[in-house]
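A short worksheet on the structure shown next.
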Amino acid sequence: MADMDRSKKLKRLVSVQRHIEKMIENELSIIVRQREEVNTAMELTANVMTSLDPIHRGLSRHYLGRFSRLATEEKQLTAARRSQEARLAKERSKGDRLDERRKEALELEQRAREDDAVINLIEMMITLKDTSFQQG
(Lines give C-alpha, C1' and ligand atoms only; values in the text may rest on other atoms or scores of the structure.)
Protein backbone atom coordinates (compact mmCIF):
# COMPACT_ATOMS: atom_id res chain seq x y z
CA MET A 1 0.00 0.00 0.00
CA ALA A 2 2.92 2.32 0.65
CA ASP A 3 3.96 1.93 -2.99
CA MET A 4 0.48 3.00 -4.05
CA ASP A 5 1.04 6.42 -2.52
CA ARG A 6 4.45 6.89 -4.12
CA SER A 7 3.09 8.62 -7.22
CA LYS A 8 1.07 11.01 -5.04
CA LYS A 9 4.14 11.88 -2.99
CA LEU A 10 6.17 12.38 -6.14
CA LYS A 11 3.39 14.54 -7.58
CA ARG A 12 3.61 16.82 -4.53
CA LEU A 13 7.40 16.96 -4.87
CA VAL A 14 7.07 17.87 -8.55
CA SER A 15 4.67 20.70 -7.71
CA VAL A 16 7.07 22.00 -5.03
CA GLN A 17 9.94 21.78 -7.52
CA ARG A 18 7.95 23.71 -10.14
CA HIS A 19 7.20 26.36 -7.51
CA ILE A 20 10.94 26.67 -6.79
CA GLU A 21 11.51 27.10 -10.53
CA LYS A 22 8.94 29.93 -10.64
CA MET A 23 10.65 31.66 -7.73
CA ILE A 24 14.03 31.45 -9.48
CA GLU A 25 12.46 32.74 -12.72
CA ASN A 26 11.05 35.72 -10.80
CA GLU A 27 14.46 36.44 -9.27
CA LEU A 28 16.01 36.17 -12.72
CA SER A 29 13.50 38.62 -14.19
CA ILE A 30 14.30 41.11 -11.40
CA ILE A 31 18.02 40.80 -12.17
CA VAL A 32 17.39 41.30 -15.90
CA ARG A 33 15.26 44.38 -15.19
CA GLN A 34 17.94 45.84 -12.89
CA ARG A 35 20.59 45.17 -15.50
CA GLU A 36 18.53 47.00 -18.14
CA GLU A 37 18.16 49.98 -15.78
CA VAL A 38 21.92 50.03 -15.15
CA ASN A 39 22.64 49.86 -18.89
CA THR A 40 20.26 52.75 -19.49
CA ALA A 41 21.97 54.77 -16.75
CA MET A 42 25.38 53.93 -18.27
CA GLU A 43 24.23 55.16 -21.69
CA LEU A 44 22.87 58.37 -20.19
CA THR A 45 26.07 58.94 -18.23
CA ALA A 46 28.19 58.29 -21.32
CA ASN A 47 26.10 60.78 -23.31
CA VAL A 48 26.50 63.41 -20.61
CA MET A 49 30.25 62.75 -20.40
CA THR A 50 30.67 63.40 -24.11
CA SER A 51 28.50 66.51 -24.04
CA LEU A 52 30.07 69.78 -25.11
CA ASP A 53 28.07 71.72 -22.53
CA PRO A 54 30.50 73.51 -20.14
CA ILE A 55 28.39 72.53 -17.12
CA HIS A 56 28.93 68.86 -17.86
CA ARG A 57 32.66 69.33 -18.48
CA GLY A 58 33.09 70.62 -14.95
CA LEU A 59 31.46 67.48 -13.57
CA SER A 60 33.39 65.02 -15.73
CA ARG A 61 35.18 63.52 -12.73
CA HIS A 62 31.82 62.88 -11.05
CA TYR A 63 30.43 61.30 -14.24
CA LEU A 64 33.49 59.11 -14.62
CA GLY A 65 33.08 57.81 -11.05
CA ARG A 66 29.40 57.18 -11.65
CA PHE A 67 30.11 55.36 -14.89
CA SER A 68 32.72 53.22 -13.14
CA ARG A 69 30.27 52.28 -10.36
CA LEU A 70 27.58 51.46 -12.92
CA ALA A 71 30.02 49.29 -14.90
CA THR A 72 30.90 47.38 -11.72
CA GLU A 73 27.23 46.94 -10.87
CA GLU A 74 26.54 45.73 -14.41
CA LYS A 75 29.28 43.09 -14.10
CA GLN A 76 27.86 41.93 -10.77
CA LEU A 77 24.36 41.68 -12.25
CA THR A 78 25.71 39.73 -15.23
CA ALA A 79 27.37 37.25 -12.89
CA ALA A 80 24.18 37.00 -10.81
CA ARG A 81 22.16 36.39 -13.98
CA ARG A 82 24.47 33.58 -15.08
CA SER A 83 24.29 32.05 -11.62
CA GLN A 84 20.48 32.20 -11.57
CA GLU A 85 20.28 30.72 -15.09
CA ALA A 86 22.49 27.81 -14.01
CA ARG A 87 20.41 27.33 -10.86
CA LEU A 88 17.21 27.42 -12.91
CA ALA A 89 18.54 24.79 -15.32
CA LYS A 90 19.55 22.58 -12.39
CA GLU A 91 16.18 22.90 -10.65
CA ARG A 92 14.29 22.38 -13.91
CA SER A 93 16.19 19.16 -14.63
CA LYS A 94 15.51 18.03 -11.06
CA GLY A 95 11.81 18.65 -11.60
CA ASP A 96 11.85 16.78 -14.90
CA ARG A 97 13.53 13.77 -13.28
CA LEU A 98 10.99 13.79 -10.45
CA ASP A 99 8.16 13.97 -12.98
CA GLU A 100 9.60 10.99 -14.87
CA ARG A 101 9.84 9.02 -11.62
CA ARG A 102 6.23 10.00 -10.82
CA LYS A 103 5.06 8.70 -14.20
CA GLU A 104 6.95 5.44 -13.69
CA ALA A 105 5.45 5.04 -10.20
CA LEU A 106 1.98 5.71 -11.60
CA GLU A 107 2.50 3.02 -14.25
CA LEU A 108 3.70 0.55 -11.61
CA GLU A 109 0.71 1.32 -9.41
CA GLN A 110 -1.66 0.84 -12.35
CA ARG A 111 0.02 -2.45 -13.22
CA ALA A 112 -0.24 -3.60 -9.59
CA ARG A 113 -3.97 -2.75 -9.54
CA GLU A 114 -4.50 -4.68 -12.77
CA ASP A 115 -2.53 -7.66 -11.40
CA ASP A 116 -4.59 -7.59 -8.19
CA ALA A 117 -7.80 -7.52 -10.23
CA VAL A 118 -6.70 -10.55 -12.26
CA ILE A 119 -5.65 -12.42 -9.11
CA ASN A 120 -9.00 -11.64 -7.47
CA LEU A 121 -10.82 -12.86 -10.58
CA ILE A 122 -8.83 -16.11 -10.60
CA GLU A 123 -9.48 -16.63 -6.87
CA MET A 124 -13.20 -16.05 -7.41
CA MET A 125 -13.24 -18.58 -10.27
CA ILE A 126 -11.39 -21.16 -8.13
CA THR A 127 -13.75 -20.55 -5.23
CA LEU A 128 -16.79 -20.93 -7.50
CA LYS A 129 -15.34 -24.10 -9.01
CA ASP A 130 -14.67 -25.57 -5.54
CA THR A 131 -18.19 -24.77 -4.34
CA SER A 132 -19.74 -26.29 -7.47
CA PHE A 133 -17.72 -29.51 -6.95
CA GLN A 134 -18.76 -29.67 -3.30
CA GLN A 135 -22.42 -29.23 -4.16
CA GLY A 136 -22.46 -31.62 -7.08
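Letters for chains follow the order of the C-alpha coordinates (A, B, ...), residue numbers begin at 1 for each chain, and ligand numbers begin at 1 in the order shown.
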Find the residues around range 77-84 of chain A up to 7 Å (only C-alpha atoms counted), leave out those fewer than 4 positions away in its own chain, and share them as JSON, numbers by chain. {"A": [24, 28, 31, 35, 73, 88]}
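CA of Glu43 in chain A is found 15.2 Å from CA of His62 in chain A.
Using only C-alpha atoms, the smallest distance between any of A:Met23, A:Lys90, A:Lys8, A:Ala41 and Leu106 in chain A comes from A:Lys8.
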